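**Student:** What follows is input27.csv, CSV, N, CA and C atoms.
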chain,number,residue,atom,x,y,z
A,1,MET,N,9.2,30.1,-4.6
A,1,MET,CA,8.9,28.7,-4.1
A,1,MET,C,8.7,27.8,-5.4
A,2,ILE,N,9.4,26.7,-5.4
A,2,ILE,CA,9.2,25.7,-6.5
A,2,ILE,C,7.9,24.9,-6.3
A,3,ILE,N,7.2,24.9,-7.4
A,3,ILE,CA,5.9,24.1,-7.4
A,3,ILE,C,6.1,22.9,-8.3
A,4,LEU,N,5.8,21.7,-7.8
A,4,LEU,CA,5.9,20.5,-8.5
A,4,LEU,C,4.5,20.1,-9.0
A,5,GLU,N,4.4,19.9,-10.3
A,5,GLU,CA,3.1,19.4,-10.8
A,5,GLU,C,3.4,18.1,-11.6
A,6,GLU,N,2.5,17.1,-11.3
A,6,GLU,CA,2.6,15.8,-12.0
A,6,GLU,C,1.8,15.9,-13.3
A,7,GLU,N,2.1,16.8,-14.2
A,7,GLU,CA,1.5,16.9,-15.5
A,7,GLU,C,2.5,17.5,-16.4
A,8,PRO,N,2.2,17.4,-17.7
A,8,PRO,CA,3.2,17.9,-18.7
A,8,PRO,C,3.3,19.4,-18.8
A,9,PRO,N,4.4,19.9,-19.2
A,9,PRO,CA,4.5,21.3,-19.5
A,9,PRO,C,3.9,21.6,-20.9
A,10,ASN,N,3.7,22.8,-21.3
A,10,ASN,CA,3.3,23.1,-22.7
A,10,ASN,C,4.5,22.9,-23.6
A,11,ALA,N,4.2,22.6,-24.9
A,11,ALA,CA,5.3,22.3,-25.8
A,11,ALA,C,6.3,23.4,-26.0
A,12,ILE,N,5.9,24.6,-26.0
A,12,ILE,CA,6.8,25.8,-26.1
A,12,ILE,C,7.8,25.8,-25.0
A,13,ASP,N,7.3,25.7,-23.7
A,13,ASP,CA,8.2,25.7,-22.6
A,13,ASP,C,9.1,24.5,-22.6
A,14,PHE,N,8.6,23.4,-23.0
A,14,PHE,CA,9.4,22.2,-23.1
A,14,PHE,C,10.6,22.3,-24.1
A,15,THR,N,10.3,22.8,-25.2
A,15,THR,CA,11.4,23.0,-26.2
A,15,THR,C,12.3,24.1,-25.7
A,16,SER,N,11.8,25.1,-25.0
A,16,SER,CA,12.7,26.1,-24.5
A,16,SER,C,13.7,25.6,-23.5
A,17,ILE,N,13.2,24.7,-22.6
A,17,ILE,CA,14.2,24.2,-21.6
A,17,ILE,C,15.1,23.2,-22.2
A,18,ARG,N,14.7,22.5,-23.2
A,18,ARG,CA,15.6,21.6,-23.9
A,18,ARG,C,16.7,22.4,-24.7
A,19,ASN,N,16.3,23.5,-25.3
A,19,ASN,CA,17.3,24.4,-25.9
A,19,ASN,C,18.3,24.9,-24.9
A,20,ALA,N,17.8,25.2,-23.7
A,20,ALA,CA,18.7,25.8,-22.7
A,20,ALA,C,19.8,24.9,-22.3
A,21,ILE,N,19.6,23.6,-22.5
A,21,ILE,CA,20.7,22.7,-22.1
A,21,ILE,C,21.4,22.1,-23.4
A,22,GLY,N,21.0,22.7,-24.5
A,22,GLY,CA,21.7,22.3,-25.8
A,22,GLY,C,21.2,21.2,-26.6
A,23,TRP,N,19.9,20.8,-26.2
A,23,TRP,CA,19.3,19.7,-27.0
A,23,TRP,C,18.5,20.2,-28.1
A,24,LYS,N,18.5,19.5,-29.3
A,24,LYS,CA,17.7,19.9,-30.4
A,24,LYS,C,16.3,19.5,-30.3
A,25,ASN,N,15.4,20.1,-31.0
A,25,ASN,CA,14.0,19.8,-31.0
A,25,ASN,C,13.5,19.6,-32.4
A,26,PRO,N,12.5,18.6,-32.6
A,26,PRO,CA,11.8,18.5,-33.9
A,26,PRO,C,10.8,19.6,-33.9
A,27,GLU,N,10.0,19.6,-35.0
A,27,GLU,CA,8.9,20.6,-35.1
A,27,GLU,C,8.0,20.5,-34.0
A,28,LEU,N,7.3,21.6,-33.6
A,28,LEU,CA,6.5,21.7,-32.5
A,28,LEU,C,5.3,20.6,-32.5
A,29,LEU,N,4.8,20.3,-33.7
A,29,LEU,CA,3.8,19.3,-33.8
A,29,LEU,C,4.2,18.0,-33.3
A,30,PHE,N,5.5,17.6,-33.6
A,30,PHE,CA,6.0,16.3,-33.1
A,30,PHE,C,6.4,16.4,-31.6
A,31,VAL,N,6.8,17.5,-31.2
A,31,VAL,CA,7.0,17.7,-29.7
A,31,VAL,C,5.7,17.5,-29.0
A,32,GLN,N,4.6,18.1,-29.5
A,32,GLN,CA,3.3,17.9,-28.8
A,32,GLN,C,2.9,16.5,-28.8
A,33,ARG,N,3.1,15.8,-29.9
A,33,ARG,CA,2.7,14.4,-30.0
A,33,ARG,C,3.5,13.6,-29.0
A,34,SER,N,4.7,13.9,-28.8
A,34,SER,CA,5.6,13.2,-27.9
A,34,SER,C,5.1,13.4,-26.4
A,35,ILE,N,4.8,14.7,-26.1
A,35,ILE,CA,4.3,15.0,-24.8
A,35,ILE,C,3.0,14.2,-24.5
A,36,ASP,N,2.1,14.2,-25.5
A,36,ASP,CA,0.8,13.6,-25.3
A,36,ASP,C,0.9,12.0,-25.2
A,37,SER,N,2.0,11.5,-25.8
A,37,SER,CA,2.2,10.0,-25.7
A,37,SER,C,2.9,9.5,-24.5
A,38,SER,N,3.4,10.4,-23.7
A,38,SER,CA,4.1,10.0,-22.5
A,38,SER,C,3.2,9.4,-21.4
A,39,LEU,N,3.7,8.5,-20.6
A,39,LEU,CA,2.9,7.9,-19.6
A,39,LEU,C,2.8,8.8,-18.3
A,40,PHE,N,3.8,9.5,-18.0
A,40,PHE,CA,3.8,10.3,-16.8
A,40,PHE,C,4.8,11.5,-16.9
A,41,TRP,N,4.4,12.6,-16.3
A,41,TRP,CA,5.2,13.8,-16.4
A,41,TRP,C,5.4,14.4,-15.0
A,42,VAL,N,6.5,15.1,-14.8
A,42,VAL,CA,6.8,15.9,-13.6
A,42,VAL,C,7.3,17.3,-14.2
A,43,SER,N,6.7,18.3,-13.8
A,43,SER,CA,7.1,19.7,-14.2
A,43,SER,C,7.3,20.5,-12.9
A,44,LEU,N,8.4,21.2,-12.9
A,44,LEU,CA,8.8,22.1,-11.8
A,44,LEU,C,8.7,23.6,-12.3
A,45,TYR,N,8.0,24.4,-11.5
A,45,TYR,CA,7.9,25.8,-11.9
A,45,TYR,C,8.3,26.7,-10.8
A,46,LEU,N,8.9,27.8,-11.2
A,46,LEU,CA,9.3,28.9,-10.3
A,46,LEU,C,8.7,30.2,-10.8
A,47,ASP,N,7.8,30.8,-10.1
A,47,ASP,CA,7.1,32.0,-10.7
A,47,ASP,C,6.5,31.8,-12.0
A,48,ASN,N,5.9,30.6,-12.2
A,48,ASN,CA,5.2,30.2,-13.5
A,48,ASN,C,6.1,30.0,-14.6
A,49,GLU,N,7.4,29.9,-14.3
A,49,GLU,CA,8.4,29.5,-15.4
A,49,GLU,C,8.9,28.1,-15.2
A,50,LEU,N,8.9,27.3,-16.3
A,50,LEU,CA,9.3,25.9,-16.2
A,50,LEU,C,10.8,25.9,-15.9
A,51,VAL,N,11.2,25.3,-14.8
A,51,VAL,CA,12.7,25.3,-14.5
A,51,VAL,C,13.2,23.8,-14.4
A,52,GLY,N,12.3,22.8,-14.6
A,52,GLY,CA,12.7,21.5,-14.6
A,52,GLY,C,11.5,20.6,-15.0
A,53,CYS,N,11.9,19.4,-15.5
A,53,CYS,CA,10.9,18.4,-15.9
A,53,CYS,C,11.5,17.0,-16.1
A,54,GLY,N,10.7,16.1,-16.2
A,54,GLY,CA,11.1,14.7,-16.5
A,54,GLY,C,9.8,13.9,-16.8
A,55,ARG,N,10.0,12.8,-17.5
A,55,ARG,CA,8.9,12.0,-17.9
A,55,ARG,C,9.2,10.5,-18.0
A,56,VAL,N,8.1,9.7,-18.1
A,56,VAL,CA,8.2,8.3,-18.3
A,56,VAL,C,7.5,8.0,-19.6
A,57,ILE,N,8.2,7.2,-20.5
A,57,ILE,CA,7.6,6.8,-21.7
A,57,ILE,C,7.7,5.3,-21.7
A,58,GLY,N,7.0,4.6,-22.6
A,58,GLY,CA,7.1,3.2,-22.7
A,58,GLY,C,5.8,2.5,-23.1
A,59,ASP,N,5.7,1.2,-22.9
A,59,ASP,CA,4.5,0.5,-23.3
A,59,ASP,C,3.5,0.3,-22.2
A,60,ASN,N,3.8,0.8,-21.0
A,60,ASN,CA,3.0,0.7,-19.8
A,60,ASN,C,2.6,-0.7,-19.4
A,61,SER,N,3.5,-1.6,-19.7
A,61,SER,CA,3.3,-3.0,-19.3
A,61,SER,C,4.6,-3.7,-18.9
A,62,MET,N,5.5,-3.7,-19.9
A,62,MET,CA,6.8,-4.4,-19.6
A,62,MET,C,8.0,-3.4,-19.6
A,63,PHE,N,7.9,-2.4,-20.4
A,63,PHE,CA,9.0,-1.5,-20.6
A,63,PHE,C,8.7,0.0,-20.3
A,64,PHE,N,9.5,0.6,-19.4
A,64,PHE,CA,9.3,2.0,-19.0
A,64,PHE,C,10.7,2.6,-19.1
A,65,TYR,N,10.7,3.8,-19.7
A,65,TYR,CA,11.9,4.6,-19.9
A,65,TYR,C,11.8,6.0,-19.3
A,66,ILE,N,12.8,6.4,-18.6
A,66,ILE,CA,12.8,7.7,-18.0
A,66,ILE,C,13.5,8.6,-19.1
A,67,GLN,N,12.9,9.7,-19.4
A,67,GLN,CA,13.3,10.5,-20.5
A,67,GLN,C,13.2,12.0,-20.1
A,68,ASP,N,14.1,12.8,-20.7
A,68,ASP,CA,14.1,14.2,-20.5
A,68,ASP,C,14.0,14.7,-19.1
A,69,VAL,N,14.9,14.2,-18.3
A,69,VAL,CA,15.1,14.8,-16.9
A,69,VAL,C,16.0,16.0,-17.1
A,70,ILE,N,15.4,17.1,-17.0
A,70,ILE,CA,16.1,18.4,-17.3
A,70,ILE,C,15.9,19.4,-16.1
A,71,VAL,N,16.9,20.1,-15.8
A,71,VAL,CA,16.8,21.2,-14.9
A,71,VAL,C,17.5,22.4,-15.6
A,72,HIS,N,16.9,23.5,-15.7
A,72,HIS,CA,17.4,24.7,-16.4
A,72,HIS,C,18.8,25.0,-15.8
A,73,PRO,N,19.8,25.3,-16.6
A,73,PRO,CA,21.1,25.6,-16.0
A,73,PRO,C,21.2,26.6,-14.9
A,74,LYS,N,20.3,27.6,-15.0
A,74,LYS,CA,20.2,28.6,-13.9
A,74,LYS,C,19.8,28.1,-12.5
A,75,HIS,N,19.2,26.9,-12.6
A,75,HIS,CA,18.6,26.3,-11.3
A,75,HIS,C,19.2,24.9,-11.0
A,76,GLN,N,20.3,24.6,-11.6
A,76,GLN,CA,21.0,23.3,-11.3
A,76,GLN,C,21.7,23.4,-9.9
A,77,LYS,N,22.0,22.2,-9.4
A,77,LYS,CA,22.7,22.1,-8.1
A,77,LYS,C,21.9,22.6,-6.9
A,78,LEU,N,20.6,22.5,-7.0
A,78,LEU,CA,19.7,22.9,-5.9
A,78,LEU,C,18.8,21.7,-5.5
A,79,GLY,N,19.1,20.6,-6.0
A,79,GLY,CA,18.3,19.4,-5.6
A,79,GLY,C,17.0,19.2,-6.4
A,80,LEU,N,16.8,20.0,-7.5
A,80,LEU,CA,15.6,19.9,-8.3
A,80,LEU,C,15.6,18.6,-9.1
A,81,GLY,N,16.7,18.1,-9.6
A,81,GLY,CA,16.7,16.9,-10.3
A,81,GLY,C,16.3,15.7,-9.4
A,82,SER,N,16.7,15.8,-8.1
A,82,SER,CA,16.3,14.8,-7.2
A,82,SER,C,14.8,14.8,-6.9
A,83,LYS,N,14.2,16.0,-6.9
A,83,LYS,CA,12.8,16.1,-6.7
A,83,LYS,C,12.0,15.4,-7.9
A,84,ILE,N,12.6,15.7,-9.1
A,84,ILE,CA,12.0,15.1,-10.3
A,84,ILE,C,12.1,13.6,-10.2
A,85,MET,N,13.2,13.1,-9.9
A,85,MET,CA,13.4,11.6,-9.9
A,85,MET,C,12.6,10.9,-8.7
A,86,GLN,N,12.5,11.6,-7.6
A,86,GLN,CA,11.7,11.0,-6.5
A,86,GLN,C,10.2,10.9,-7.0
A,87,SER,N,9.7,11.9,-7.7
A,87,SER,CA,8.3,11.8,-8.2
A,87,SER,C,8.2,10.7,-9.2
A,88,ILE,N,9.2,10.6,-10.1
A,88,ILE,CA,9.2,9.5,-11.2
A,88,ILE,C,9.3,8.2,-10.5
A,89,ASN,N,10.2,8.0,-9.5
A,89,ASN,CA,10.3,6.7,-8.9
A,89,ASN,C,9.0,6.3,-8.1
A,90,ASN,N,8.3,7.3,-7.6
A,90,ASN,CA,7.0,7.0,-6.9
A,90,ASN,C,6.0,6.4,-7.9
A,91,TYR,N,6.0,7.1,-9.1
A,91,TYR,CA,5.1,6.6,-10.2
A,91,TYR,C,5.5,5.2,-10.6
A,92,LEU,N,6.7,5.0,-10.8
A,92,LEU,CA,7.2,3.7,-11.2
A,92,LEU,C,6.9,2.6,-10.2
A,93,THR,N,7.1,2.9,-9.0
A,93,THR,CA,6.8,1.9,-7.9
A,93,THR,C,5.4,1.5,-7.9
A,94,LEU,N,4.5,2.4,-8.2
A,94,LEU,CA,3.1,2.1,-8.2
A,94,LEU,C,2.6,1.5,-9.4
A,95,ASN,N,3.3,1.7,-10.5
A,95,ASN,CA,2.8,1.3,-11.8
A,95,ASN,C,3.5,0.2,-12.6
A,96,CYS,N,4.7,-0.2,-12.2
A,96,CYS,CA,5.5,-1.2,-12.9
A,96,CYS,C,5.2,-2.6,-12.3
A,97,PRO,N,4.7,-3.5,-13.1
A,97,PRO,CA,4.5,-4.8,-12.6
A,97,PRO,C,5.8,-5.6,-12.4
A,98,PRO,N,5.8,-6.6,-11.6
A,98,PRO,CA,7.0,-7.4,-11.4
A,98,PRO,C,7.5,-8.0,-12.7
A,99,GLY,N,8.8,-8.0,-13.0
A,99,GLY,CA,9.3,-8.4,-14.2
A,99,GLY,C,9.5,-7.4,-15.3
A,100,SER,N,9.0,-6.2,-15.0
A,100,SER,CA,9.2,-5.1,-16.0
A,100,SER,C,10.6,-4.5,-15.9
A,101,THR,N,10.9,-3.8,-17.0
A,101,THR,CA,12.3,-3.1,-17.1
A,101,THR,C,12.1,-1.6,-17.1
A,102,ILE,N,12.9,-0.9,-16.3
A,102,ILE,CA,13.0,0.5,-16.4
A,102,ILE,C,14.3,0.9,-16.9
A,103,GLY,N,14.4,1.7,-18.0
A,103,GLY,CA,15.6,2.1,-18.5
A,103,GLY,C,15.7,3.6,-18.7
A,104,LEU,N,16.9,4.0,-18.9
A,104,LEU,CA,17.2,5.5,-19.2
A,104,LEU,C,18.5,5.6,-19.9
A,105,PHE,N,18.7,6.7,-20.6
A,105,PHE,CA,20.0,7.0,-21.2
A,105,PHE,C,20.5,8.2,-20.4
A,106,SER,N,21.6,8.0,-19.7
A,106,SER,CA,22.1,9.1,-18.9
A,106,SER,C,23.0,10.0,-19.7
A,107,ALA,N,22.9,11.3,-19.5
A,107,ALA,CA,23.8,12.2,-20.1
A,107,ALA,C,25.2,11.9,-19.6
A,108,TYR,N,26.3,12.1,-20.4
A,108,TYR,CA,27.6,11.8,-20.0
A,108,TYR,C,28.0,12.5,-18.7
A,109,GLY,N,28.5,11.7,-17.7
A,109,GLY,CA,28.9,12.3,-16.4
A,109,GLY,C,27.8,12.4,-15.4
A,110,LYS,N,26.6,12.0,-15.8
A,110,LYS,CA,25.5,12.0,-14.8
A,110,LYS,C,25.1,10.7,-14.3
A,111,GLU,N,25.9,9.7,-14.6
A,111,GLU,CA,25.6,8.3,-14.1
A,111,GLU,C,25.5,8.2,-12.6
A,112,LYS,N,26.3,8.8,-11.9
A,112,LYS,CA,26.3,8.8,-10.4
A,112,LYS,C,25.0,9.3,-9.8
A,113,PHE,N,24.4,10.3,-10.5
A,113,PHE,CA,23.1,10.9,-10.1
A,113,PHE,C,22.1,9.8,-10.1
A,114,TYR,N,22.0,9.1,-11.2
A,114,TYR,CA,21.0,8.0,-11.4
A,114,TYR,C,21.2,6.8,-10.5
A,115,GLU,N,22.5,6.6,-10.2
A,115,GLU,CA,22.8,5.5,-9.3
A,115,GLU,C,22.1,5.7,-7.9
A,116,LYS,N,22.0,6.9,-7.5
A,116,LYS,CA,21.3,7.2,-6.2
A,116,LYS,C,19.9,6.8,-6.2
A,117,PHE,N,19.3,6.5,-7.3
A,117,PHE,CA,17.9,6.1,-7.4
A,117,PHE,C,17.8,4.7,-7.9
A,118,GLY,N,18.9,3.9,-7.7
A,118,GLY,CA,18.8,2.5,-7.9
A,118,GLY,C,19.2,2.0,-9.3
A,119,PHE,N,19.6,2.9,-10.2
A,119,PHE,CA,20.0,2.5,-11.5
A,119,PHE,C,21.5,2.1,-11.6
A,120,GLN,N,21.8,1.1,-12.5
A,120,GLN,CA,23.1,0.6,-12.6
A,120,GLN,C,23.6,0.9,-14.0
A,121,SER,N,24.9,1.3,-14.1
A,121,SER,CA,25.5,1.5,-15.4
A,121,SER,C,25.7,0.2,-16.1
A,122,ARG,N,25.5,0.2,-17.4
A,122,ARG,CA,25.7,-1.0,-18.2
A,122,ARG,C,27.2,-1.0,-18.6
A,123,THR,N,27.9,-1.9,-18.0
A,123,THR,CA,29.4,-1.9,-18.2
A,123,THR,C,29.8,-2.7,-19.5
A,124,GLY,N,28.9,-3.3,-20.1
A,124,GLY,CA,29.3,-4.1,-21.3
A,124,GLY,C,29.6,-5.5,-21.0
A,125,GLU,N,29.7,-5.9,-19.8
A,125,GLU,CA,30.0,-7.2,-19.4
A,125,GLU,C,28.9,-8.2,-19.6
A,126,THR,N,27.7,-7.9,-18.9
A,126,THR,CA,26.6,-8.9,-19.0
A,126,THR,C,25.5,-8.4,-19.9
A,127,LEU,N,25.3,-7.1,-20.0
A,127,LEU,CA,24.1,-6.6,-20.7
A,127,LEU,C,24.5,-5.8,-22.0
A,128,GLY,N,25.8,-5.6,-22.2
A,128,GLY,CA,26.2,-4.7,-23.3
A,128,GLY,C,26.1,-3.3,-22.9
A,129,PHE,N,26.6,-2.4,-23.7
A,129,PHE,CA,26.7,-1.0,-23.3
A,129,PHE,C,25.4,-0.3,-23.6
A,130,GLY,N,24.5,-0.7,-24.5
A,130,GLY,CA,23.4,0.0,-24.9
A,130,GLY,C,23.7,0.9,-26.1
A,131,MET,N,22.8,1.1,-27.0
A,131,MET,CA,23.0,1.9,-28.2
A,131,MET,C,21.8,2.8,-28.5
A,132,CYS,N,22.0,3.8,-29.3
A,132,CYS,CA,20.9,4.6,-29.8
A,132,CYS,C,21.2,5.1,-31.1
A,133,ARG,N,20.2,5.6,-31.8
A,133,ARG,CA,20.4,6.2,-33.1
A,133,ARG,C,19.7,7.6,-33.1
A,134,PHE,N,20.3,8.6,-33.6
A,134,PHE,CA,19.6,9.9,-33.7
A,134,PHE,C,19.3,10.2,-35.1
A,135,ILE,N,18.1,10.8,-35.4
A,135,ILE,CA,17.7,11.1,-36.7
A,135,ILE,C,17.8,12.6,-36.8
Would you give me this structure, written as structure tokens?

**Tutor:**
Amino acid sequence: MIILEEEPPNAIDFTSIRNAIGWKNPELLFVQRSIDSSLFWVSLYLDNELVGCGRVIGDNSMFFYIQDVIVHPKHQKLGLGSKIMQSINNYLTLNCPPGSTIGLFSAYGKEKFYEKFGFQSRTGETLGFGMCRFI
């Protein structure tokens, strides 16, 4: 049975699930700082093993960003990503003041998934495409 907890995973489990989907990690000290600085977490466990997570980061006033929505490859296509996003959306509904912005960077090909939760792709016409820089 999948257990959903609205709290962060430990740093080692978090880096492990990020590795499982091919994402790189900084040193564990910086991972822990990032975990601690987040506004909200959702963690999914199966038999005490982290199988999914997601979080909200931002300034807790005007800008909120959904980050690290991850489901371990062995457990994808089971609706776990939707469980994570439902919990995140509940948090955002309760905590985002009118006029605030909620953003995210979708992994390539996952845009349709986020559209189900009210997000719109940036087409470049009115808002630009969005950009990022990786260090």

**Student:** Go through A:Val42, A:Gly103, A:Gly22, A:Gln86 one by one, measure the shortest atom-to-atom distance of each to A:Phe64 using all atoms listed in the file, and give the residue with the smallest value.

**Tutor:** A:Gly103

**Student:** Which of these residues is nearest to A:Ala20, using only C-alpha atoms: A:Thr126, A:Gln76, A:Ser38, A:Thr93?

**Tutor:**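 Smallest separation from A:Ala20 among the options: A:Gln76.
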
**Student:** Take atom C of A:Leu44 and atom CA of A:Leu80 and report the distance between them in Å, one decimal.

**Tutor:**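 These two atoms are separated by 8.8 Å.
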
**Student:** Residues at most 5 Å from A:Gln67, counting only N, CA and C atoms, excluding those fewer than 4 positions away in the same chain, as a list in words?

**Tutor:** Gly54, Arg55 and Val56 of chain A

**Student:** So, with only C-alpha atoms as the atoms that count, which of A:Tyr114, A:Phe30, A:Phe14, A:Phe63 lies closest to A:Pro98?

**Tutor:** A:Phe63

**Student:** State, in Å with one decimal place, the distance from atom CA of A:Arg33 to atom C of A:Met131.

**Tutor:**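 Between atom CA of A:Arg33 and atom C of A:Met131 the gap works out to 22.4 Å.
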
**Student:** Let's see if you can do this: from backbone DSSP, list all strand (DSSP E) residues in chain A, as a PyMOL selection string.

**Tutor:** chain A and resi 2-5+40-46+49-58+63-71+101-104

**Student:** So how far away is atom CA of A:Val31 from atom CA of A:Lys112, in Å?

**Tutor:**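 Taking atom CA of A:Lys112 and atom CA of A:Val31, their separation equals 28.7 Å.
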
**Student:** Which residues, written as a PyMOL selection string, have at least one atom at most 12 Å from A:Ser100, with only C-alpha atoms counted and residues fewer than 4 positions away on the same chain left out?

**Tutor:** chain A and resi 58-65+92-93+95-96
